[in-house]
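Dropping my_file_13.cif in here (mmCIF, C-alpha atoms):
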data_final
#
loop_
_atom_site.label_atom_id
_atom_site.label_comp_id
_atom_site.auth_asym_id
_atom_site.auth_seq_id
_atom_site.Cartn_x
_atom_site.Cartn_y
_atom_site.Cartn_z
CA MET A 1 8.34 35.11 59.45
CA ARG A 2 5.87 35.19 62.37
CA ILE A 3 3.18 37.79 61.63
CA LYS A 4 1.22 39.19 64.58
CA THR A 5 -2.02 37.31 65.20
CA ASP A 6 -5.30 38.41 66.73
CA LEU A 7 -4.88 36.52 70.02
CA ARG A 8 -1.53 37.05 71.75
CA TYR A 9 0.19 36.34 75.02
CA GLU A 10 0.91 39.38 77.18
CA LEU A 11 3.37 38.92 80.03
CA LYS A 12 3.91 41.72 82.54
CA TYR A 13 6.79 42.38 84.91
CA LEU A 14 7.35 44.99 87.60
CA ILE A 15 11.00 46.08 87.62
CA ARG A 16 13.20 48.97 88.69
CA ARG A 17 14.60 51.65 86.42
CA GLU A 18 18.15 50.37 86.74
CA GLN A 19 16.94 46.96 85.53
CA MET A 20 15.23 48.63 82.58
CA GLU A 21 18.35 50.53 81.61
CA ARG A 22 20.52 47.41 81.60
CA LEU A 23 17.92 45.27 79.86
CA ALA A 24 17.28 47.92 77.19
CA LEU A 25 20.96 47.87 76.22
CA ASP A 26 20.76 44.14 75.58
CA LEU A 27 17.42 44.37 73.79
CA ALA A 28 18.82 46.94 71.35
CA GLU A 29 21.12 44.25 70.00
CA GLN A 30 18.21 41.95 69.15
CA MET A 31 15.26 44.28 68.48
CA ASP A 32 14.46 47.62 66.81
CA PRO A 33 12.90 50.76 68.34
CA ASP A 34 9.21 51.19 67.59
CA GLY A 35 8.98 53.34 64.48
CA HIS A 36 5.96 55.21 65.87
CA GLY A 37 8.15 56.83 68.55
CA ASN A 38 11.33 58.86 68.43
CA GLU A 39 14.71 57.40 67.50
CA LEU A 40 14.67 55.44 70.78
CA GLY A 41 11.11 54.18 70.32
CA GLN A 42 9.73 56.51 73.01
CA TYR A 43 6.30 58.15 73.11
CA PRO A 44 3.67 59.20 75.70
CA ILE A 45 0.32 57.42 76.03
CA THR A 46 -2.88 58.76 77.58
CA SER A 47 -5.92 56.52 78.04
CA LEU A 48 -9.45 57.26 79.20
CA TYR A 49 -10.96 54.10 80.72
CA TYR A 50 -14.67 53.34 80.96
CA ASP A 51 -16.36 51.18 83.56
CA SER A 52 -19.77 50.43 85.01
CA PRO A 53 -21.05 52.28 88.11
CA ASP A 54 -20.01 49.28 90.27
CA TYR A 55 -16.57 49.00 88.56
CA LYS A 56 -17.22 45.67 86.86
CA ALA A 57 -14.00 45.83 84.79
CA TYR A 58 -11.99 46.45 87.95
CA TRP A 59 -13.53 43.53 89.89
CA ASP A 60 -13.39 41.18 86.91
CA LYS A 61 -9.64 41.77 86.82
CA LEU A 62 -9.11 41.49 90.57
CA ASP A 63 -11.29 38.38 90.82
CA GLY A 64 -9.34 36.73 88.00
CA HIS A 65 -12.13 36.21 85.47
CA ARG A 66 -10.61 34.42 82.50
CA LYS A 67 -12.88 36.15 80.00
CA ARG A 68 -13.29 39.88 80.42
CA ARG A 69 -13.37 43.12 78.45
CA LYS A 70 -12.62 46.76 79.04
CA VAL A 71 -13.19 49.85 76.92
CA ARG A 72 -10.81 52.79 76.59
CA VAL A 73 -10.04 55.77 74.36
CA ARG A 74 -6.32 56.29 73.76
CA VAL A 75 -4.21 59.09 72.30
CA TYR A 76 -0.48 59.27 71.65
CA GLY A 77 1.96 62.14 72.00
CA ASN A 78 2.44 65.23 74.15
CA ASP A 79 0.33 67.65 72.13
CA ALA A 80 -2.77 69.08 73.82
CA VAL A 81 -5.83 67.02 72.89
CA THR A 82 -8.53 68.80 70.88
CA PRO A 83 -11.89 67.51 69.59
CA ASP A 84 -10.15 66.77 66.27
CA THR A 85 -7.17 64.87 67.72
CA LEU A 86 -6.83 61.35 66.35
CA ALA A 87 -7.90 58.90 69.05
CA TYR A 88 -8.25 55.13 69.21
CA LEU A 89 -11.42 53.63 70.61
CA GLU A 90 -10.40 50.19 71.88
CA VAL A 91 -11.88 47.04 73.32
CA LYS A 92 -9.25 44.98 75.13
CA GLU A 93 -10.38 41.44 75.83
CA ARG A 94 -8.83 38.62 77.80
CA ILE A 95 -9.67 35.09 76.69
CA ASN A 96 -8.16 32.57 79.12
CA VAL A 97 -4.42 33.35 79.06
CA ARG A 98 -4.33 35.41 75.87
CA MET A 99 -5.31 38.96 74.99
CA ARG A 100 -7.02 40.50 71.99
CA LYS A 101 -7.33 44.19 71.15
CA ARG A 102 -9.76 45.64 68.62
CA ARG A 103 -9.82 49.33 67.82
CA VAL A 104 -10.97 52.05 65.46
CA ALA A 105 -9.33 55.44 64.80
CA LEU A 106 -11.64 58.46 65.07
CA PRO A 107 -11.45 62.15 65.98
CA TYR A 108 -11.56 62.39 69.77
CA ASP A 109 -15.00 64.01 69.94
CA GLN A 110 -16.45 61.13 67.90
CA ALA A 111 -14.58 58.42 69.80
CA VAL A 112 -16.23 59.45 73.09
CA ALA A 113 -19.71 60.10 71.64
CA PHE A 114 -21.06 56.59 72.22
CA ASP A 115 -24.69 57.65 71.70
CA ASN A 116 -23.85 58.89 68.20
CA PHE A 117 -22.12 55.77 66.87
CA GLY A 118 -25.03 55.01 64.55
CA GLU A 119 -24.15 58.13 62.55
CA LEU A 120 -20.48 57.15 62.06
CA ARG A 121 -20.79 53.90 60.13
CA GLU A 122 -20.68 55.36 56.63
CA GLY A 123 -17.20 55.06 55.14
CA LEU A 124 -15.86 52.82 57.92
CA SER A 125 -14.59 49.29 57.32
CA PRO A 126 -16.68 46.32 58.51
CA SER A 127 -14.13 45.67 61.29
CA ALA A 128 -14.37 49.29 62.47
CA VAL A 129 -18.18 49.13 62.46
CA ALA A 130 -17.97 45.92 64.52
CA VAL A 131 -15.90 47.76 67.16
CA LEU A 132 -18.48 50.55 67.36
CA GLN A 133 -21.28 48.00 67.72
CA GLU A 134 -19.44 46.14 70.47
CA VAL A 135 -18.67 49.33 72.41
CA TYR A 136 -22.26 50.54 72.07
CA TYR A 137 -23.56 47.19 73.33
CA LEU A 138 -21.27 47.32 76.38
CA TYR A 139 -22.13 50.99 76.93
CA ARG A 140 -25.85 50.29 77.02
CA THR A 141 -25.83 46.99 78.94
CA LEU A 142 -23.19 47.95 81.52
CA GLN A 143 -24.02 51.67 81.71
CA LEU A 144 -20.41 52.54 80.95
CA ARG A 145 -19.12 55.95 81.94
CA PRO A 146 -15.66 57.55 82.19
CA ALA A 147 -13.88 56.09 85.22
CA CYS A 148 -10.18 56.91 85.08
CA ILE A 149 -7.46 58.59 83.04
CA VAL A 150 -4.00 57.03 82.93
CA HIS A 151 -0.78 58.61 81.57
CA TYR A 152 2.67 57.12 81.11
CA ASP A 153 5.76 57.29 78.93
CA ARG A 154 6.56 54.21 76.85
CA THR A 155 9.74 52.88 75.26
CA ALA A 156 8.91 50.12 72.77
CA TYR A 157 10.89 47.58 70.80
CA GLU A 158 9.76 45.47 67.83
CA GLY A 159 11.09 42.04 66.97
CA ARG A 160 13.25 41.26 63.96
CA ALA A 161 12.81 38.27 61.67
CA PRO A 162 12.02 35.52 62.41
CA TYR A 163 10.33 37.03 65.52
CA ALA A 164 8.39 39.86 63.89
CA ASP A 165 5.46 39.15 66.23
CA LEU A 166 7.54 39.98 69.30
CA ARG A 167 7.05 43.26 71.14
CA VAL A 168 8.65 44.53 74.36
CA THR A 169 7.64 47.76 76.10
CA PHE A 170 8.77 49.70 79.18
CA ASP A 171 6.25 52.07 80.82
CA VAL A 172 7.49 54.73 83.27
CA ASN A 173 6.17 57.81 85.06
CA LEU A 174 2.81 56.12 85.64
CA ARG A 175 0.10 58.45 86.88
CA GLY A 176 -3.65 58.89 86.71
CA ARG A 177 -6.81 60.52 88.05
CA THR A 178 -10.50 59.79 88.57
CA HIS A 179 -11.73 63.39 88.29
CA ASP A 180 -11.93 65.83 85.38
CA LEU A 181 -12.39 62.88 83.02
CA SER A 182 -11.90 64.47 79.62
CA LEU A 183 -8.70 64.30 77.61
CA VAL A 184 -9.33 67.83 76.32
CA SER A 185 -9.49 69.20 79.85
CA THR A 186 -7.54 72.36 80.61
CA GLY A 187 -9.22 72.74 83.99
CA HIS A 188 -8.10 71.52 87.39
CA ALA A 189 -6.89 68.06 86.43
CA THR A 190 -4.26 66.80 88.88
CA ASP A 191 -2.68 63.41 88.31
CA GLN A 192 -1.17 61.18 91.00
CA HIS A 193 1.67 58.73 90.53
CA PHE A 194 0.21 55.33 91.34
CA LEU A 195 3.55 53.51 91.34
CA PRO A 196 6.86 54.71 92.79
CA LEU A 197 8.94 56.70 90.31
CA ASP A 198 11.65 54.03 90.27
CA ARG A 199 9.19 51.32 89.18
CA VAL A 200 8.71 50.27 85.55
CA VAL A 201 6.01 48.11 83.99
CA LEU A 202 7.63 45.79 81.46
CA GLU A 203 5.41 43.98 78.96
CA VAL A 204 6.32 41.18 76.57
CA LYS A 205 3.85 40.29 73.81
CA ALA A 206 4.08 37.39 71.38
CA ASN A 207 1.85 35.09 69.36
CA GLN A 208 3.03 31.91 71.05
CA ASN A 209 6.43 31.27 72.59
CA VAL A 210 8.89 33.89 73.77
CA PRO A 211 12.30 33.27 72.15
CA ALA A 212 14.88 31.58 74.35
CA TRP A 213 17.29 34.50 74.13
CA LEU A 214 14.67 36.83 75.64
CA VAL A 215 13.78 34.37 78.41
CA GLN A 216 17.48 34.26 79.29
CA LEU A 217 17.74 38.06 79.29
CA LEU A 218 14.74 38.44 81.59
CA SER A 219 16.22 35.90 83.98
CA ARG A 220 19.68 37.46 83.87
CA HIS A 221 18.28 40.89 84.75
CA GLY A 222 16.09 39.56 87.57
CA CYS A 223 12.73 40.44 85.99
CA THR A 224 9.86 39.07 88.09
CA TYR A 225 6.52 38.21 86.51
CA TYR A 226 3.66 40.21 88.10
CA ARG A 227 -0.06 40.51 87.58
CA ILE A 228 -0.44 44.26 87.34
CA SER A 229 -3.14 46.52 85.94
CA LYS A 230 -2.45 50.20 85.37
CA TYR A 231 -6.18 50.90 85.45
CA CYS A 232 -6.69 49.06 88.75
CA ALA A 233 -3.63 50.67 90.33
CA ALA A 234 -4.81 54.16 89.36
CA LEU A 235 -8.28 53.50 90.79
CA GLU A 236 -6.88 52.25 94.09
CA LYS A 237 -4.48 55.17 94.43
CA SER A 238 -7.35 57.60 93.93
CA LYS A 239 -9.44 55.85 96.62
CA ALA A 240 -12.23 55.31 94.10
CA ILE A 241 -12.30 51.71 95.28
CA THR A 242 -13.13 51.60 98.99
CA ARG A 243 -14.78 48.19 99.51
CA ARG A 244 -12.86 44.90 99.34
CA GLN A 245 -9.86 46.86 98.21
CA HIS A 246 -7.08 44.76 96.71
CA VAL A 247 -3.49 45.52 95.97
CA ALA A 248 -3.24 46.25 92.25
CA TYR A 249 -0.34 43.90 91.67
CA ALA A 250 0.83 40.65 93.19
CA PRO A 251 3.58 38.13 92.44
CA ALA A 252 2.58 35.25 90.22
CA VAL A 253 4.05 32.40 88.27
CA ALA A 254 4.29 32.98 84.53
CA PRO A 255 1.91 30.75 82.54
CA SER A 256 3.61 27.72 81.05
CA ARG A 257 3.63 27.17 77.32
#
Now that the file is in, can you turn its structure into structure tokens?
Amino acid sequence: MRIKTDLRYELKYLIRREQMERLALDLAEQMDPDGHGNELGQYPITSLYYDSPDYKAYWDKLDGHRKRRKVRVRVYGNDAVTPDTLAYLEVKERINVRMRKRRVALPYDQAVAFDNFGELREGLSPSAVAVLQEVYYLYRTLQLRPACIVHYDRTAYEGRAPYADLRVTFDVNLRGRTHDLSLVSTGHATDQHFLPLDRVVLEVKANQNVPAWLVQLLSRHGCTYYRISKYCAALEKSKAITRRQHVAYAPAVAPSR
């Protein structure tokens, strides 16, 4: 049994909906729907991303830095977000060709109150306290502030033994905004689709190697490996990035194992 490890490979593909529909039928024979979603493993995701005033996280990604971090607050589901809604404060880090995610679950109003983290330590695990300390350090040194909100609908599959570390997700209806940057907003928030409606972001995550049967499925369905960032794409669509603007995704060769 391969248990999920801290550092994992994350491979992304940009495909069309018809590819997703055909691939999902084949995946259902080898994998199980994510138990956190409905019977099909589906659930919405909303993330509030933080960045420095000069968009360091954006440029680190576009310039291909092999060690970089970004901070976000994420909630799941369609229910309106309130100050008490369970939210996940996350640090997502890239280390060479692998990714690591650390997070702590908090009520939304606490998850976004970076200046008050010193008051939240009591009762939290050492790993949760470490996340708060890391976010506070980045907040103070990089002057982090809300930069972008991203929404999408996910369908997720989990691997069966002996590939319990395997995870495959499809993200559709991708949209975002760079104004009204609160998840509890009921004001004038208007999201824009930053990818065409027929495009799907496919992600494959695994500790080490992707099983041969999945490699064959991806090839059979014409899935092309792409470097794509939902955060970067949403920023570019909103025109928040005006200098040295890059395309948010570009073809690439998948890293060899």
Kindly assemble as a Markdown table a list of the segment 4-83 of chain A residues that lie within 9 Å of segment 160-180 of chain A, each paired with its nearest atom pair and their distance in Å to one decimal, using only C-alpha atoms, sorted first by chain and then by ascending residue number.
| residue | atom | partner | partner_atom | distance |
| --- | --- | --- | --- | --- |
| A:Lys4 | CA | A:Asp165 | CA | 4.5 |
| A:Thr5 | CA | A:Asp165 | CA | 7.8 |
| A:Arg17 | CA | A:Val172 | CA | 8.4 |
| A:Met20 | CA | A:Phe170 | CA | 7.4 |
| A:Ala24 | CA | A:Phe170 | CA | 8.9 |
| A:Leu27 | CA | A:Val168 | CA | 8.8 |
| A:Gln30 | CA | A:Arg160 | CA | 7.2 |
| A:Met31 | CA | A:Arg160 | CA | 5.8 |
| A:Asp32 | CA | A:Arg160 | CA | 7.1 |
| A:Asp34 | CA | A:Arg167 | CA | 9.0 |
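Residues lying within 9 Å of Met99 of chain A, counting only C-alpha atoms and ignoring same-chain neighbours fewer than 6 positions away, are Asp6, Leu7, Arg8, Tyr9, Glu10, Lys92 and Glu93 of chain A.
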Save the residues we just selected, C-alpha atoms, as a CSV table (one decimal), in the coordinates of the input?
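That gives us selection.csv:
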chain,number,residue,atom,x,y,z
A,6,ASP,CA,-5.3,38.4,66.7
A,7,LEU,CA,-4.9,36.5,70.0
A,8,ARG,CA,-1.5,37.0,71.8
A,9,TYR,CA,0.2,36.3,75.0
A,10,GLU,CA,0.9,39.4,77.2
A,92,LYS,CA,-9.2,45.0,75.1
A,93,GLU,CA,-10.4,41.4,75.8
Inset, instruction - Considering all atoms listed in the file, return as a PyMOL selection string whatever protein or nucleic-acid residues lie within 12 Å of Glu21 of chain A, sequence-local ones (same chain, fewer than 6 positions apart) excluded. - result: chain A and resi 15+27-28+155+170+172+198-200+202+221
Let me know the residues the PyMOL selection byres ((chain A and resi 55) around 12) catches in the file above, as a PDB file with C-alpha atoms, keeping the file's coordinate frame.
ATOM      1  CA  TYR A  49     -10.960  54.100  80.720  1.00  0.00           C
ATOM      2  CA  TYR A  50     -14.670  53.340  80.960  1.00  0.00           C
ATOM      3  CA  ASP A  51     -16.360  51.180  83.560  1.00  0.00           C
ATOM      4  CA  SER A  52     -19.770  50.430  85.010  1.00  0.00           C
ATOM      5  CA  PRO A  53     -21.050  52.280  88.110  1.00  0.00           C
ATOM      6  CA  ASP A  54     -20.010  49.280  90.270  1.00  0.00           C
ATOM      7  CA  LYS A  56     -17.220  45.670  86.860  1.00  0.00           C
ATOM      8  CA  ALA A  57     -14.000  45.830  84.790  1.00  0.00           C
ATOM      9  CA  TYR A  58     -11.990  46.450  87.950  1.00  0.00           C
ATOM     10  CA  TRP A  59     -13.530  43.530  89.890  1.00  0.00           C
ATOM     11  CA  ASP A  60     -13.390  41.180  86.910  1.00  0.00           C
ATOM     12  CA  LYS A  61      -9.640  41.770  86.820  1.00  0.00           C
ATOM     13  CA  LEU A  62      -9.110  41.490  90.570  1.00  0.00           C
ATOM     14  CA  LYS A  70     -12.620  46.760  79.040  1.00  0.00           C
ATOM     15  CA  LEU A 142     -23.190  47.950  81.520  1.00  0.00           C
ATOM     16  CA  GLN A 143     -24.020  51.670  81.710  1.00  0.00           C
ATOM     17  CA  LEU A 144     -20.410  52.540  80.950  1.00  0.00           C
ATOM     18  CA  ARG A 145     -19.120  55.950  81.940  1.00  0.00           C
ATOM     19  CA  PRO A 146     -15.660  57.550  82.190  1.00  0.00           C
ATOM     20  CA  ALA A 147     -13.880  56.090  85.220  1.00  0.00           C
ATOM     21  CA  CYS A 148     -10.180  56.910  85.080  1.00  0.00           C
ATOM     22  CA  TYR A 231      -6.180  50.900  85.450  1.00  0.00           C
ATOM     23  CA  CYS A 232      -6.690  49.060  88.750  1.00  0.00           C
ATOM     24  CA  LEU A 235      -8.280  53.500  90.790  1.00  0.00           C
ATOM     25  CA  GLU A 236      -6.880  52.250  94.090  1.00  0.00           C
ATOM     26  CA  ALA A 240     -12.230  55.310  94.100  1.00  0.00           C
ATOM     27  CA  ILE A 241     -12.300  51.710  95.280  1.00  0.00           C
ATOM     28  CA  THR A 242     -13.130  51.600  98.990  1.00  0.00           C
ATOM     29  CA  ARG A 243     -14.780  48.190  99.510  1.00  0.00           C
ATOM     30  CA  GLN A 245      -9.860  46.860  98.210  1.00  0.00           C
TER      31      GLN A 245
END
Inset, instruction - Would you mind telling me which residue in A:Leu183, A:Ala233, A:Ile95, A:Leu89 lies nearest to Pro196 of chain A when using all atoms listed in the file? - result: A:Ala233
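Between atom CA of Ile45 of chain A and atom CA of Thr85 of chain A the interatomic distance comes to 13.4 Å.
For the residues A:Ser238, A:Thr82, A:Gln42, A:Gln19, ranking by smallest atom-to-atom distance to Leu195 of chain A using all atoms listed in the file places A:Ser238 first.
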Inset, instruction - Could you tell me which of A:Ile149, A:Leu217, A:Val184, A:Val210 comes closest to Val81 of chain A if we count all atoms listed in the file? - result: A:Val184
Legend entry - Answer as a PyMOL selection string, residues within 12 Å of (-16.1, 47.7, 61.1) using only C-alpha atoms: chain A and resi 102-105+117+120-135
File of the preceding selection, C-alpha atoms, as a compact mmCIF listing (two decimals), in the coordinates of the input:
# COMPACT_ATOMS: atom_id res chain seq x y z
CA ARG A 102 -9.76 45.64 68.62
CA ARG A 103 -9.82 49.33 67.82
CA VAL A 104 -10.97 52.05 65.46
CA ALA A 105 -9.33 55.44 64.80
CA PHE A 117 -22.12 55.77 66.87
CA LEU A 120 -20.48 57.15 62.06
CA ARG A 121 -20.79 53.90 60.13
CA GLU A 122 -20.68 55.36 56.63
CA GLY A 123 -17.20 55.06 55.14
CA LEU A 124 -15.86 52.82 57.92
CA SER A 125 -14.59 49.29 57.32
CA PRO A 126 -16.68 46.32 58.51
CA SER A 127 -14.13 45.67 61.29
CA ALA A 128 -14.37 49.29 62.47
CA VAL A 129 -18.18 49.13 62.46
CA ALA A 130 -17.97 45.92 64.52
CA VAL A 131 -15.90 47.76 67.16
CA LEU A 132 -18.48 50.55 67.36
CA GLN A 133 -21.28 48.00 67.72
CA GLU A 134 -19.44 46.14 70.47
CA VAL A 135 -18.67 49.33 72.41
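What the PyMOL selection byres ((chain A and resi 109) around 10) matches in the given file is Thr82, Pro83, Asp84, Thr85, Leu86, Ala87, Leu106, Pro107, Tyr108, Gln110, Ala111, Val112, Ala113, Phe114, Leu183 and Val184 of chain A.
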Would you mind exporting the chosen residues as a PDB file, in the coordinates of the input, restricted to C-alpha atoms?
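Output saved as selection02.pdb:
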ATOM      1  CA  THR A  82      -8.530  68.800  70.880  1.00  0.00           C
ATOM      2  CA  PRO A  83     -11.890  67.510  69.590  1.00  0.00           C
ATOM      3  CA  ASP A  84     -10.150  66.770  66.270  1.00  0.00           C
ATOM      4  CA  THR A  85      -7.170  64.870  67.720  1.00  0.00           C
ATOM      5  CA  LEU A  86      -6.830  61.350  66.350  1.00  0.00           C
ATOM      6  CA  ALA A  87      -7.900  58.900  69.050  1.00  0.00           C
ATOM      7  CA  LEU A 106     -11.640  58.460  65.070  1.00  0.00           C
ATOM      8  CA  PRO A 107     -11.450  62.150  65.980  1.00  0.00           C
ATOM      9  CA  TYR A 108     -11.560  62.390  69.770  1.00  0.00           C
ATOM     10  CA  GLN A 110     -16.450  61.130  67.900  1.00  0.00           C
ATOM     11  CA  ALA A 111     -14.580  58.420  69.800  1.00  0.00           C
ATOM     12  CA  VAL A 112     -16.230  59.450  73.090  1.00  0.00           C
ATOM     13  CA  ALA A 113     -19.710  60.100  71.640  1.00  0.00           C
ATOM     14  CA  PHE A 114     -21.060  56.590  72.220  1.00  0.00           C
ATOM     15  CA  LEU A 183      -8.700  64.300  77.610  1.00  0.00           C
ATOM     16  CA  VAL A 184      -9.330  67.830  76.320  1.00  0.00           C
TER      17      VAL A 184
END
Legend entry - Distance criterion (all atoms listed in the file): nearest to Val73 of chain A out of A:Tyr43, A:Leu197, A:Leu181, A:Ala189: A:Leu181
Inset, instruction - Tell me which of A:Gly77, A:Leu23, A:Arg69, A:Glu203 sits closest to Asn38 of chain A, counting only C-alpha atoms. - result: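 Among the listed residues, A:Gly77 lies closest to Asn38 of chain A.
With atom CA of Asn116 of chain A on one side and atom CA of Tyr136 of chain A on the other, the separation reads 9.3 Å.
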Legend entry - Among the residues A:Tyr152, A:Tyr157, A:Tyr76, A:Trp213, the one that comes closest to Lys230 of chain A [using all atoms listed in the file]: A:Tyr152
Legend entry - One-decimal distance in Å that lies between atom CA of Thr141 of chain A and atom CA of Gly118 of chain A: 16.5 Å
